[in-house]
Every structure is written in structure tokens, then in C-alpha cells.
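A.B. asks: As input, take final_23.pdb (PDB, C-alpha atoms):
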ATOM      1  CA  MET A   1       0.000   0.000   0.000  1.00  0.00           C
ATOM      2  CA  THR A   2       1.417   3.352  -1.035  1.00  0.00           C
ATOM      3  CA  ALA A   3       1.266   6.086   1.621  1.00  0.00           C
ATOM      4  CA  GLY A   4      -1.680   8.366   0.869  1.00  0.00           C
ATOM      5  CA  GLU A   5      -3.015   6.088  -1.904  1.00  0.00           C
ATOM      6  CA  GLN A   6      -6.564   6.966  -2.948  1.00  0.00           C
ATOM      7  CA  VAL A   7      -8.819   4.085  -4.034  1.00  0.00           C
ATOM      8  CA  LEU A   8     -12.291   3.964  -5.566  1.00  0.00           C
ATOM      9  CA  VAL A   9     -15.012   2.846  -3.167  1.00  0.00           C
ATOM     10  CA  ILE A  10     -18.778   2.609  -3.185  1.00  0.00           C
ATOM     11  CA  PRO A  11     -21.016   2.527  -0.111  1.00  0.00           C
ATOM     12  CA  ARG A  12     -21.760  -1.091   0.811  1.00  0.00           C
ATOM     13  CA  ARG A  13     -25.452  -0.261   1.217  1.00  0.00           C
ATOM     14  CA  SER A  14     -25.633   0.827  -2.458  1.00  0.00           C
ATOM     15  CA  ILE A  15     -24.944  -2.731  -3.640  1.00  0.00           C
ATOM     16  CA  MET A  16     -25.630  -5.127  -0.718  1.00  0.00           C
ATOM     17  CA  GLY A  17     -26.374  -5.567   2.961  1.00  0.00           C
ATOM     18  CA  ASP A  18     -23.940  -6.708   5.616  1.00  0.00           C
ATOM     19  CA  PRO A  19     -23.058  -9.441   5.178  1.00  0.00           C
ATOM     20  CA  GLY A  20     -23.554  -9.510   1.445  1.00  0.00           C
ATOM     21  CA  TRP A  21     -24.013 -12.444  -0.894  1.00  0.00           C
ATOM     22  CA  HIS A  22     -21.180 -14.959  -1.242  1.00  0.00           C
ATOM     23  CA  GLY A  23     -19.590 -15.728  -4.619  1.00  0.00           C
ATOM     24  CA  VAL A  24     -20.339 -14.362  -8.077  1.00  0.00           C
ATOM     25  CA  THR A  25     -23.672 -12.896  -9.146  1.00  0.00           C
ATOM     26  CA  SER A  26     -25.007 -11.243 -12.277  1.00  0.00           C
ATOM     27  CA  ASP A  27     -27.714  -9.392 -10.323  1.00  0.00           C
ATOM     28  CA  GLY A  28     -27.304  -5.657 -10.882  1.00  0.00           C
ATOM     29  CA  LEU A  29     -24.682  -6.230 -13.563  1.00  0.00           C
ATOM     30  CA  SER A  30     -26.402  -4.125 -16.233  1.00  0.00           C
ATOM     31  CA  THR A  31     -26.410  -1.034 -13.996  1.00  0.00           C
ATOM     32  CA  PHE A  32     -23.158  -1.612 -12.077  1.00  0.00           C
ATOM     33  CA  GLU A  33     -20.896   0.716 -14.067  1.00  0.00           C
ATOM     34  CA  ALA A  34     -23.511   3.507 -13.834  1.00  0.00           C
ATOM     35  CA  LEU A  35     -23.793   2.883 -10.072  1.00  0.00           C
ATOM     36  CA  VAL A  36     -20.022   3.161  -9.650  1.00  0.00           C
ATOM     37  CA  HIS A  37     -20.040   6.397 -11.660  1.00  0.00           C
ATOM     38  CA  ARG A  38     -22.913   7.817  -9.587  1.00  0.00           C
ATOM     39  CA  VAL A  39     -21.920   6.871  -6.004  1.00  0.00           C
ATOM     40  CA  GLY A  40     -18.214   5.993  -6.276  1.00  0.00           C
ATOM     41  CA  GLU A  41     -15.631   8.193  -4.646  1.00  0.00           C
ATOM     42  CA  PHE A  42     -11.938   8.117  -3.941  1.00  0.00           C
ATOM     43  CA  ARG A  43     -10.908   7.724  -0.326  1.00  0.00           C
ATOM     44  CA  PRO A  44      -7.584   7.045   1.405  1.00  0.00           C
ATOM     45  CA  ARG A  45      -6.920   3.310   1.198  1.00  0.00           C
ATOM     46  CA  ALA A  46      -5.634   3.233   4.789  1.00  0.00           C
ATOM     47  CA  GLU A  47      -9.005   4.596   5.923  1.00  0.00           C
ATOM     48  CA  VAL A  48     -11.163   2.043   4.074  1.00  0.00           C
ATOM     49  CA  GLU A  49      -9.046  -1.114   4.566  1.00  0.00           C
ATOM     50  CA  THR A  50     -10.984  -1.952   7.749  1.00  0.00           C
ATOM     51  CA  ASP A  51     -14.248  -0.017   7.227  1.00  0.00           C
ATOM     52  CA  ARG A  52     -17.033  -2.407   6.156  1.00  0.00           C
ATOM     53  CA  THR A  53     -19.336   0.487   5.247  1.00  0.00           C
ATOM     54  CA  TRP A  54     -17.298   0.858   2.030  1.00  0.00           C
ATOM     55  CA  LYS A  55     -16.478  -1.634  -0.722  1.00  0.00           C
ATOM     56  CA  GLN A  56     -13.222  -1.063  -2.619  1.00  0.00           C
ATOM     57  CA  VAL A  57     -14.008  -1.778  -6.271  1.00  0.00           C
ATOM     58  CA  ILE A  58     -11.516  -4.130  -7.947  1.00  0.00           C
ATOM     59  CA  PRO A  59     -11.706  -4.897 -11.684  1.00  0.00           C
ATOM     60  CA  TYR A  60     -10.777  -8.595 -11.834  1.00  0.00           C
ATOM     61  CA  LEU A  61      -9.846 -10.034 -15.226  1.00  0.00           C
ATOM     62  CA  VAL A  62      -9.908 -13.727 -16.127  1.00  0.00           C
ATOM     63  CA  LEU A  63      -7.970 -14.310 -19.344  1.00  0.00           C
ATOM     64  CA  ARG A  64      -8.990 -17.294 -21.438  1.00  0.00           C
ATOM     65  CA  ASP A  65      -7.755 -18.839 -24.647  1.00  0.00           C
ATOM     66  CA  GLY A  66     -10.829 -20.687 -25.756  1.00  0.00           C
ATOM     67  CA  PRO A  67     -11.545 -23.223 -22.998  1.00  0.00           C
ATOM     68  CA  ARG A  68      -8.154 -22.711 -21.291  1.00  0.00           C
ATOM     69  CA  TYR A  69      -7.461 -20.312 -18.398  1.00  0.00           C
ATOM     70  CA  PHE A  70      -4.361 -18.186 -17.849  1.00  0.00           C
ATOM     71  CA  LEU A  71      -3.261 -19.825 -14.576  1.00  0.00           C
ATOM     72  CA  MET A  72      -0.687 -18.088 -12.409  1.00  0.00           C
ATOM     73  CA  ARG A  73       1.193 -18.957  -9.218  1.00  0.00           C
ATOM     74  CA  ARG A  74       2.393 -16.241  -6.890  1.00  0.00           C
ATOM     75  CA  THR A  75       6.008 -16.547  -5.744  1.00  0.00           C
ATOM     76  CA  GLN A  76       7.626 -15.797  -2.385  1.00  0.00           C
ATOM     77  CA  ALA A  77       8.837 -12.456  -3.824  1.00  0.00           C
ATOM     78  CA  GLY A  78       5.386 -10.853  -3.647  1.00  0.00           C
ATOM     79  CA  THR A  79       4.753  -8.172  -1.026  1.00  0.00           C
ATOM     80  CA  ASP A  80       1.707  -9.869   0.576  1.00  0.00           C
ATOM     81  CA  ALA A  81       2.860 -13.005   2.432  1.00  0.00           C
ATOM     82  CA  ARG A  82      -0.776 -14.221   2.612  1.00  0.00           C
ATOM     83  CA  LEU A  83      -0.605 -14.827  -1.153  1.00  0.00           C
ATOM     84  CA  HIS A  84       2.752 -16.619  -1.395  1.00  0.00           C
ATOM     85  CA  ASP A  85       2.515 -19.848  -3.410  1.00  0.00           C
ATOM     86  CA  ARG A  86      -1.204 -19.303  -4.035  1.00  0.00           C
ATOM     87  CA  TRP A  87      -2.698 -19.909  -7.471  1.00  0.00           C
ATOM     88  CA  THR A  88      -4.845 -17.369  -9.285  1.00  0.00           C
ATOM     89  CA  ILE A  89      -6.737 -16.968 -12.537  1.00  0.00           C
ATOM     90  CA  GLY A  90      -7.384 -13.240 -11.970  1.00  0.00           C
ATOM     91  CA  VAL A  91      -5.510 -10.074 -12.763  1.00  0.00           C
ATOM     92  CA  GLY A  92      -6.730  -6.984 -10.974  1.00  0.00           C
ATOM     93  CA  GLY A  93      -6.146  -4.208  -8.524  1.00  0.00           C
ATOM     94  CA  HIS A  94      -7.438  -1.065  -6.913  1.00  0.00           C
ATOM     95  CA  LEU A  95      -8.734   1.821  -8.972  1.00  0.00           C
ATOM     96  CA  ASN A  96      -6.902   5.116  -8.505  1.00  0.00           C
ATOM     97  CA  PRO A  97      -7.906   8.674  -9.536  1.00  0.00           C
ATOM     98  CA  GLY A  98      -5.799   8.599 -12.731  1.00  0.00           C
ATOM     99  CA  ASP A  99      -7.647   5.526 -14.058  1.00  0.00           C
ATOM    100  CA  GLY A 100     -10.789   7.438 -14.982  1.00  0.00           C
ATOM    101  CA  ASP A 101     -13.220   4.504 -14.724  1.00  0.00           C
ATOM    102  CA  LEU A 102     -13.418   0.720 -14.437  1.00  0.00           C
ATOM    103  CA  ALA A 103     -12.273   0.216 -18.020  1.00  0.00           C
ATOM    104  CA  GLY A 104      -9.323   2.560 -17.499  1.00  0.00           C
ATOM    105  CA  GLY A 105      -8.235   0.690 -14.375  1.00  0.00           C
ATOM    106  CA  LEU A 106      -8.608  -2.626 -16.143  1.00  0.00           C
ATOM    107  CA  ARG A 107      -6.443  -1.455 -19.054  1.00  0.00           C
ATOM    108  CA  ARG A 108      -3.786  -0.193 -16.606  1.00  0.00           C
ATOM    109  CA  GLU A 109      -3.755  -3.534 -14.736  1.00  0.00           C
ATOM    110  CA  TRP A 110      -3.512  -5.394 -18.064  1.00  0.00           C
ATOM    111  CA  GLY A 111      -0.457  -3.338 -19.009  1.00  0.00           C
ATOM    112  CA  GLU A 112       1.196  -3.763 -15.593  1.00  0.00           C
ATOM    113  CA  GLU A 113       0.599  -7.480 -15.110  1.00  0.00           C
ATOM    114  CA  VAL A 114       0.607  -9.025 -18.583  1.00  0.00           C
ATOM    115  CA  ALA A 115       3.077  -8.863 -21.477  1.00  0.00           C
ATOM    116  CA  ALA A 116       1.122  -9.038 -24.736  1.00  0.00           C
ATOM    117  CA  ASP A 117       1.158  -7.115 -28.010  1.00  0.00           C
ATOM    118  CA  PHE A 118      -2.641  -6.747 -27.992  1.00  0.00           C
ATOM    119  CA  GLU A 119      -5.438  -5.559 -25.739  1.00  0.00           C
ATOM    120  CA  PRO A 120      -8.439  -7.894 -25.770  1.00  0.00           C
ATOM    121  CA  ALA A 121     -12.102  -6.966 -25.476  1.00  0.00           C
ATOM    122  CA  PHE A 122     -13.059  -7.031 -21.779  1.00  0.00           C
ATOM    123  CA  THR A 123     -16.568  -8.346 -20.980  1.00  0.00           C
ATOM    124  CA  LEU A 124     -18.131  -7.774 -17.558  1.00  0.00           C
ATOM    125  CA  VAL A 125     -19.637 -11.129 -16.484  1.00  0.00           C
ATOM    126  CA  GLY A 126     -20.300 -10.816 -12.759  1.00  0.00           C
ATOM    127  CA  LEU A 127     -19.838  -9.160  -9.400  1.00  0.00           C
ATOM    128  CA  LEU A 128     -17.751 -10.997  -6.808  1.00  0.00           C
ATOM    129  CA  ASN A 129     -18.122 -10.794  -3.054  1.00  0.00           C
ATOM    130  CA  ASP A 130     -16.586 -12.786  -0.215  1.00  0.00           C
ATOM    131  CA  ASP A 131     -17.294 -11.377   3.259  1.00  0.00           C
ATOM    132  CA  THR A 132     -15.803 -14.419   5.016  1.00  0.00           C
ATOM    133  CA  GLY A 133     -12.474 -12.693   5.737  1.00  0.00           C
ATOM    134  CA  GLU A 134     -11.172  -9.273   6.708  1.00  0.00           C
ATOM    135  CA  VAL A 135      -9.775  -8.510   3.242  1.00  0.00           C
ATOM    136  CA  GLY A 136     -12.766  -9.716   1.235  1.00  0.00           C
ATOM    137  CA  SER A 137     -15.237  -7.913   3.465  1.00  0.00           C
ATOM    138  CA  VAL A 138     -13.990  -4.529   2.243  1.00  0.00           C
ATOM    139  CA  HIS A 139     -13.538  -5.398  -1.459  1.00  0.00           C
ATOM    140  CA  LEU A 140     -15.926  -6.017  -4.360  1.00  0.00           C
ATOM    141  CA  GLY A 141     -14.769  -7.602  -7.599  1.00  0.00           C
ATOM    142  CA  ALA A 142     -16.065  -6.604 -11.008  1.00  0.00           C
ATOM    143  CA  VAL A 143     -15.306  -9.820 -12.904  1.00  0.00           C
ATOM    144  CA  TYR A 144     -14.318  -9.448 -16.550  1.00  0.00           C
ATOM    145  CA  VAL A 145     -13.424 -12.164 -19.046  1.00  0.00           C
ATOM    146  CA  ALA A 146     -11.265 -11.719 -22.156  1.00  0.00           C
ATOM    147  CA  ASP A 147     -10.073 -14.166 -24.820  1.00  0.00           C
ATOM    148  CA  ALA A 148      -6.487 -14.228 -26.064  1.00  0.00           C
ATOM    149  CA  ALA A 149      -7.713 -15.976 -29.238  1.00  0.00           C
ATOM    150  CA  GLY A 150      -4.451 -17.854 -29.723  1.00  0.00           C
ATOM    151  CA  ARG A 151      -2.227 -14.797 -29.231  1.00  0.00           C
ATOM    152  CA  ALA A 152       0.884 -14.960 -27.042  1.00  0.00           C
ATOM    153  CA  VAL A 153       0.647 -13.815 -23.423  1.00  0.00           C
ATOM    154  CA  ALA A 154       3.306 -13.808 -20.713  1.00  0.00           C
ATOM    155  CA  ILE A 155       3.766 -12.595 -17.150  1.00  0.00           C
ATOM    156  CA  ARG A 156       5.405  -9.175 -16.918  1.00  0.00           C
ATOM    157  CA  GLU A 157       6.701  -9.453 -13.308  1.00  0.00           C
ATOM    158  CA  THR A 158       8.306 -12.892 -13.488  1.00  0.00           C
ATOM    159  CA  ASP A 159       9.905 -12.488 -10.057  1.00  0.00           C
ATOM    160  CA  LYS A 160       6.414 -12.315  -8.461  1.00  0.00           C
ATOM    161  CA  LEU A 161       4.377 -14.597 -10.732  1.00  0.00           C
ATOM    162  CA  ALA A 162       4.715 -17.611 -12.983  1.00  0.00           C
ATOM    163  CA  GLY A 163       1.977 -18.570 -15.393  1.00  0.00           C
ATOM    164  CA  ALA A 164       0.706 -20.094 -18.612  1.00  0.00           C
ATOM    165  CA  PHE A 165      -2.548 -21.208 -20.195  1.00  0.00           C
ATOM    166  CA  ALA A 166      -3.932 -24.378 -18.619  1.00  0.00           C
ATOM    167  CA  GLY A 167      -6.839 -26.685 -19.285  1.00  0.00           C
ATOM    168  CA  VAL A 168      -9.847 -26.978 -16.996  1.00  0.00           C
ATOM    169  CA  ALA A 169      -8.525 -30.192 -15.377  1.00  0.00           C
ATOM    170  CA  GLU A 170      -5.185 -28.518 -14.575  1.00  0.00           C
ATOM    171  CA  VAL A 171      -6.935 -25.551 -12.970  1.00  0.00           C
ATOM    172  CA  ALA A 172      -9.315 -27.825 -11.032  1.00  0.00           C
ATOM    173  CA  ALA A 173      -6.292 -29.725  -9.672  1.00  0.00           C
ATOM    174  CA  VAL A 174      -5.052 -26.604  -7.814  1.00  0.00           C
ATOM    175  CA  VAL A 175      -8.395 -25.026  -6.880  1.00  0.00           C
ATOM    176  CA  ASP A 176      -7.865 -25.910  -3.200  1.00  0.00           C
ATOM    177  CA  ARG A 177      -4.645 -23.819  -3.274  1.00  0.00           C
ATOM    178  CA  MET A 178      -6.175 -20.821  -5.055  1.00  0.00           C
ATOM    179  CA  GLU A 179      -6.905 -17.396  -3.673  1.00  0.00           C
ATOM    180  CA  SER A 180     -10.548 -17.415  -2.597  1.00  0.00           C
ATOM    181  CA  TRP A 181     -11.654 -15.020  -5.358  1.00  0.00           C
ATOM    182  CA  SER A 182     -10.098 -17.207  -8.068  1.00  0.00           C
ATOM    183  CA  ALA A 183     -11.709 -20.358  -6.699  1.00  0.00           C
ATOM    184  CA  LEU A 184     -15.127 -18.669  -6.575  1.00  0.00           C
ATOM    185  CA  VAL A 185     -14.789 -17.271 -10.116  1.00  0.00           C
ATOM    186  CA  PHE A 186     -13.507 -20.564 -11.560  1.00  0.00           C
ATOM    187  CA  GLU A 187     -16.409 -22.509 -10.050  1.00  0.00           C
ATOM    188  CA  HIS A 188     -18.890 -19.893 -11.311  1.00  0.00           C
ATOM    189  CA  LEU A 189     -17.502 -19.880 -14.868  1.00  0.00           C
ATOM    190  CA  GLU A 190     -17.405 -23.649 -15.064  1.00  0.00           C
ATOM    191  CA  ARG A 191     -21.021 -23.939 -13.824  1.00  0.00           C
ATOM    192  CA  ALA A 192     -22.084 -21.360 -16.413  1.00  0.00           C
ATOM    193  CA  SER A 193     -20.381 -23.147 -19.335  1.00  0.00           C
TER     194      SER A 193
END
Show the structure stored in the file as C-alpha cells.

C.D. replies:
Amino acid sequence: MTAGEQVLVIPRRSIMGDPGWHGVTSDGLSTFEALVHRVGEFRPRAEVETDRTWKQVIPYLVLRDGPRYFLMRRTQAGTDARLHDRWTIGVGGHLNPGDGDLAGGLRREWGEEVAADFEPAFTLVGLLNDDTGEVGSVHLGAVYVADAAGRAVAIRETDKLAGAFAGVAEVAAVVDRMESWSALVFEHLERAS
């Protein structure tokens, strides 16, 4: 966390009660971006990290290549020890004032996390909530899916992540070692397919 970092939040009550639903939903999806535009505001991250009255909005991208997922493993070099050696299928992060909107933040995260000579079409497919832990209780994922369509993709920060496209069986084999958001999104996408 950068000192003084401002992150985009929405009031919890504008999207859910407390506790909220668990997992991925498409309820409210068609009006979500308008809601974020209308009630979202930037607040100091240090202030909202423990305040359940706010939900920090996180664009969360799942990259596919047809039926395969871009599966990544976090290394010991990452800054958050809670995530060391955890698997993920999502790329995402906090929205900051310079991002403009959800799409702007998603494009920035794409450029920071992934090395590719293209930018795919991002499709919003669900909203993700997990109030079962301290971190999840103050975050809300806007789940996007994109397709690499056979184009090359690599990890940009190879000291912090390792990854490649993997089949459904390979992803399912590590689901018990995934970050909770990735496990919830994977299960949702596989049920929907």
C-alpha cells in the first residue's frame, strides 16, 4: 500500500447488505458501471481497509484462450505473504484517480501485469463478493473475461508470478490452493459453461 493512496469505493449499502451475498452474481450487472459512476468516490486506502461500510471496487480479469485459463502462481517475492505460493486466474487491482473509470483501471492492470502485443475486449460477467475474511469484506470484484484468441501472453513481473494457459482439469487440480476469489470465479464460470 502506497502512503496516501486513494482508491475507488462505493457505499456497501448501495450494492448489498452486511453481510452480502457470497460468490459471483449477475444481479445488478447491467447497472453496475452507472452505479459506480454515480456513487463511487476516492478515499484514502488506509481509511477504508478496515471499514465495512465501504467496498473497494476491484476490476478482476480472467484471461482465457478458448476453454483454457491463464493460470498463475504467486512466488515468495510478492509483497503480501498471505498470497505466497497461491494460485490465481485473476488479474486486478485497486482503482486510482488517474484511471478514470473501471475500463481505465482494467487497461492499466492489463499493461502492468501481462506482457502481450494486444489488448483484448473485456466483458463484464459478474460481481464478486466474499465477506468471510477481513480482506474480502472490504472489497468487491467486477469480474471481466477476455479471450487471447491464440495470441501470445506472458507474465510481466516474473519475479512475483509464474503462469501459462492451462486446461480446466489442470486448474481444477489446484483449486484448493487458489486465492478465494479465483476459486469462486472458476467454479462460477465452469457452472455457467

A.B. asks: Near Asp27 of chain A, counting all atoms listed in the file, which residues have an atom at most 10 Å away, once you skip same-chain residues fewer than 3 positions from it, shown as a list in words?

C.D. replies: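 Here the qualifying residues turn out to be Ile15, Val24, Ser30, Thr31, Phe32, Gly126 and Leu127 of chain A.
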
A.B. asks: Could you state which residues are captured by the PyMOL selection byres ((chain A and resi 8) around 7) in this file, as an NGL selection string?

C.D. replies: :A and (6-7 or 9 or 40-43 or 56-57 or 95-96)

A.B. asks: Which residue out of A:Leu63, A:Leu128, A:Ile10, A:Met16 has the minimum interatomic distance to His37 of chain A when all atoms listed in the file are used?

C.D. replies: A:Ile10

A.B. asks: Of the candidates A:Arg52, A:Phe186, A:Ile155, A:Ala192, which one gets nearest to Arg73 of chain A if we count all atoms listed in the file?

C.D. replies: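 Among A:Arg52, A:Phe186, A:Ile155, A:Ala192, it is A:Ile155 that comes nearest to Arg73 of chain A.
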
A.B. asks: Which residue, A:Glu49, A:Pro59, A:Ala173, A:Glu5, has the smallest gap to Asp101 of chain A when you use only C-alpha atoms?

C.D. replies: A:Pro59

A.B. asks: Using 10 Å as the limit and counting only C-alpha atoms, can you tabulate each residue of segment 29-78 of chain A that touches segment 162-172 of chain A, with its shortest atom-to-atom distance in Å and the two atoms involved, as JSON lines?

C.D. replies:
{"residue": "A:Leu63", "atom": "CA", "partner": "A:Phe165", "partner_atom": "CA", "distance": 8.8}
{"residue": "A:Arg64", "atom": "CA", "partner": "A:Phe165", "partner_atom": "CA", "distance": 7.6}
{"residue": "A:Asp65", "atom": "CA", "partner": "A:Phe165", "partner_atom": "CA", "distance": 7.2}
{"residue": "A:Gly66", "atom": "CA", "partner": "A:Gly167", "partner_atom": "CA", "distance": 9.7}
{"residue": "A:Pro67", "atom": "CA", "partner": "A:Gly167", "partner_atom": "CA", "distance": 6.9}
{"residue": "A:Arg68", "atom": "CA", "partner": "A:Gly167", "partner_atom": "CA", "distance": 4.6}
{"residue": "A:Tyr69", "atom": "CA", "partner": "A:Phe165", "partner_atom": "CA", "distance": 5.3}
{"residue": "A:Phe70", "atom": "CA", "partner": "A:Phe165", "partner_atom": "CA", "distance": 4.2}
{"residue": "A:Leu71", "atom": "CA", "partner": "A:Gly163", "partner_atom": "CA", "distance": 5.4}
{"residue": "A:Met72", "atom": "CA", "partner": "A:Gly163", "partner_atom": "CA", "distance": 4.0}
{"residue": "A:Arg73", "atom": "CA", "partner": "A:Ala162", "partner_atom": "CA", "distance": 5.3}
{"residue": "A:Arg74", "atom": "CA", "partner": "A:Ala162", "partner_atom": "CA", "distance": 6.7}
{"residue": "A:Thr75", "atom": "CA", "partner": "A:Ala162", "partner_atom": "CA", "distance": 7.4}

A.B. asks: I need the output of the PyMOL selection byres ((chain A and resi 108) around 12) for this file as a CSV table (one decimal) with C-alpha atoms, in the coordinates of the input; which residues are they?

C.D. replies:
chain,number,residue,atom,x,y,z
A,59,PRO,CA,-11.7,-4.9,-11.7
A,60,TYR,CA,-10.8,-8.6,-11.8
A,61,LEU,CA,-9.8,-10.0,-15.2
A,91,VAL,CA,-5.5,-10.1,-12.8
A,92,GLY,CA,-6.7,-7.0,-11.0
A,93,GLY,CA,-6.1,-4.2,-8.5
A,94,HIS,CA,-7.4,-1.1,-6.9
A,95,LEU,CA,-8.7,1.8,-9.0
A,96,ASN,CA,-6.9,5.1,-8.5
A,98,GLY,CA,-5.8,8.6,-12.7
A,99,ASP,CA,-7.6,5.5,-14.1
A,100,GLY,CA,-10.8,7.4,-15.0
A,101,ASP,CA,-13.2,4.5,-14.7
A,102,LEU,CA,-13.4,0.7,-14.4
A,103,ALA,CA,-12.3,0.2,-18.0
A,104,GLY,CA,-9.3,2.6,-17.5
A,105,GLY,CA,-8.2,0.7,-14.4
A,106,LEU,CA,-8.6,-2.6,-16.1
A,107,ARG,CA,-6.4,-1.5,-19.1
A,109,GLU,CA,-3.8,-3.5,-14.7
A,110,TRP,CA,-3.5,-5.4,-18.1
A,111,GLY,CA,-0.5,-3.3,-19.0
A,112,GLU,CA,1.2,-3.8,-15.6
A,113,GLU,CA,0.6,-7.5,-15.1
A,114,VAL,CA,0.6,-9.0,-18.6
A,119,GLU,CA,-5.4,-5.6,-25.7

A.B. asks: Around all the atoms of segment 6-14 of chain A listed in the file, draw an axis-aligned box and extend it by 8 Å on each of the six sides; I want its centre and edge lengths in Å to one decimal, as AutoDock Vina command-line options.

C.D. replies:
--center_x -16.1 --center_y 2.9 --center_z -2.2 --size_x 35.1 --size_y 24.1 --size_z 22.8

A.B. asks: Using the chain letters and numbers from the file, give me the residues hit by the PyMOL selection byres ((chain A and resi 14) around 10), as a ChimeraX atom specification.

C.D. replies: /A:10-13,15-17,35-36,39-40,53-55

A.B. asks: Using all atoms listed in the file for the distances, tell me which of A:Ala116, A:Ile89, A:Ile58, A:Met178 is nearest to Arg156 of chain A.

C.D. replies: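 Checking each candidate against Arg156 of chain A, we get A:Ala116 as the closest.
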
A.B. asks: For a quick check of your reading of the model, name the residues lying within 10 Å of the coordinate (-10.5, -18.6, -4.5), counting all atoms listed in the file, and write them as an MDAnalysis selection string.

C.D. replies: chainID A and resid 23 86:90 130 175:187

A.B. asks: Give me the residues near Asp117 of chain A as a VMD selection string, where near means some atom within 10 Å (using only C-alpha atoms) and where sequence neighbours in that chain fewer than 4 positions away do not count.

C.D. replies: chain A and resid 111 151 to 153

A.B. asks: Produce a file of the selected residues containing C-alpha atoms, as a JSON list (two decimals), in the frame of the given file.

C.D. replies:
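Below is the file result-v7.json, written as the result:
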[["chain", "number", "residue", "atom", "x", "y", "z"],
["A", 111, "GLY", "CA", -0.46, -3.34, -19.01],
["A", 151, "ARG", "CA", -2.23, -14.80, -29.23],
["A", 152, "ALA", "CA", 0.88, -14.96, -27.04],
["A", 153, "VAL", "CA", 0.65, -13.82, -23.42]]

A.B. asks: Where atoms are absent from segment 115-130 of chain A, fill them in so it carries N, CA, C and O atoms, then output it as an mmCIF file, in the frame of the given file.

C.D. replies:
data_model
loop_
_atom_site.group_PDB
_atom_site.id
_atom_site.type_symbol
_atom_site.label_atom_id
_atom_site.label_comp_id
_atom_site.auth_asym_id
_atom_site.auth_seq_id
_atom_site.Cartn_x
_atom_site.Cartn_y
_atom_site.Cartn_z
ATOM 1 N N ALA A 115 2.291 -9.264 -20.311
ATOM 2 C CA ALA A 115 3.077 -8.863 -21.477
ATOM 3 C C ALA A 115 2.404 -9.468 -22.707
ATOM 4 O O ALA A 115 2.385 -10.681 -22.876
ATOM 5 N N ALA A 116 1.811 -8.609 -23.517
ATOM 6 C CA ALA A 116 1.122 -9.038 -24.736
ATOM 7 C C ALA A 116 1.134 -7.880 -25.716
ATOM 8 O O ALA A 116 1.128 -6.717 -25.309
ATOM 9 N N ASP A 117 1.145 -8.192 -27.020
ATOM 10 C CA ASP A 117 1.158 -7.115 -28.010
ATOM 11 C C ASP A 117 -0.259 -6.789 -28.491
ATOM 12 O O ASP A 117 -0.442 -6.286 -29.591
ATOM 13 N N PHE A 118 -1.252 -7.047 -27.662
ATOM 14 C CA PHE A 118 -2.641 -6.747 -27.992
ATOM 15 C C PHE A 118 -3.387 -6.412 -26.702
ATOM 16 O O PHE A 118 -2.918 -6.714 -25.603
ATOM 17 N N GLU A 119 -4.528 -5.772 -26.855
ATOM 18 C CA GLU A 119 -5.438 -5.559 -25.739
ATOM 19 C C GLU A 119 -6.766 -6.188 -26.135
ATOM 20 O O GLU A 119 -7.379 -5.768 -27.109
ATOM 21 N N PRO A 120 -7.211 -7.202 -25.389
ATOM 22 C CA PRO A 120 -8.439 -7.894 -25.770
ATOM 23 C C PRO A 120 -9.687 -7.081 -25.416
ATOM 24 O O PRO A 120 -9.597 -6.086 -24.696
ATOM 25 N N ALA A 121 -10.826 -7.534 -25.897
ATOM 26 C CA ALA A 121 -12.102 -6.966 -25.476
ATOM 27 C C ALA A 121 -12.403 -7.516 -24.086
ATOM 28 O O ALA A 121 -12.301 -8.723 -23.853
ATOM 29 N N PHE A 122 -12.743 -6.635 -23.146
ATOM 30 C CA PHE A 122 -13.059 -7.031 -21.779
ATOM 31 C C PHE A 122 -14.577 -7.063 -21.626
ATOM 32 O O PHE A 122 -15.252 -6.078 -21.904
ATOM 33 N N THR A 123 -15.128 -8.195 -21.154
ATOM 34 C CA THR A 123 -16.568 -8.346 -20.980
ATOM 35 C C THR A 123 -16.889 -8.549 -19.503
ATOM 36 O O THR A 123 -16.398 -9.500 -18.881
ATOM 37 N N LEU A 124 -17.708 -7.663 -18.949
ATOM 38 C CA LEU A 124 -18.131 -7.774 -17.558
ATOM 39 C C LEU A 124 -19.114 -8.933 -17.437
ATOM 40 O O LEU A 124 -20.143 -8.953 -18.118
ATOM 41 N N VAL A 125 -18.799 -9.928 -16.590
ATOM 42 C CA VAL A 125 -19.637 -11.129 -16.484
ATOM 43 C C VAL A 125 -20.214 -11.352 -15.089
ATOM 44 O O VAL A 125 -21.074 -12.225 -14.909
ATOM 45 N N GLY A 126 -19.762 -10.601 -14.096
ATOM 46 C CA GLY A 126 -20.300 -10.816 -12.759
ATOM 47 C C GLY A 126 -19.703 -9.886 -11.727
ATOM 48 O O GLY A 126 -18.713 -9.202 -11.984
ATOM 49 N N LEU A 127 -20.329 -9.893 -10.565
ATOM 50 C CA LEU A 127 -19.838 -9.160 -9.400
ATOM 51 C C LEU A 127 -19.465 -10.203 -8.356
ATOM 52 O O LEU A 127 -20.200 -11.176 -8.144
ATOM 53 N N LEU A 128 -18.335 -10.001 -7.710
ATOM 54 C CA LEU A 128 -17.751 -10.997 -6.808
ATOM 55 C C LEU A 128 -17.664 -10.442 -5.397
ATOM 56 O O LEU A 128 -17.138 -9.344 -5.193
ATOM 57 N N ASN A 129 -18.190 -11.209 -4.446
ATOM 58 C CA ASN A 129 -18.122 -10.794 -3.054
ATOM 59 C C ASN A 129 -17.790 -12.001 -2.173
ATOM 60 O O ASN A 129 -18.302 -13.096 -2.383
ATOM 61 N N ASP A 130 -16.934 -11.762 -1.186
ATOM 62 C CA ASP A 130 -16.586 -12.786 -0.215
ATOM 63 C C ASP A 130 -16.343 -12.095 1.127
ATOM 64 O O ASP A 130 -15.250 -11.611 1.404
#
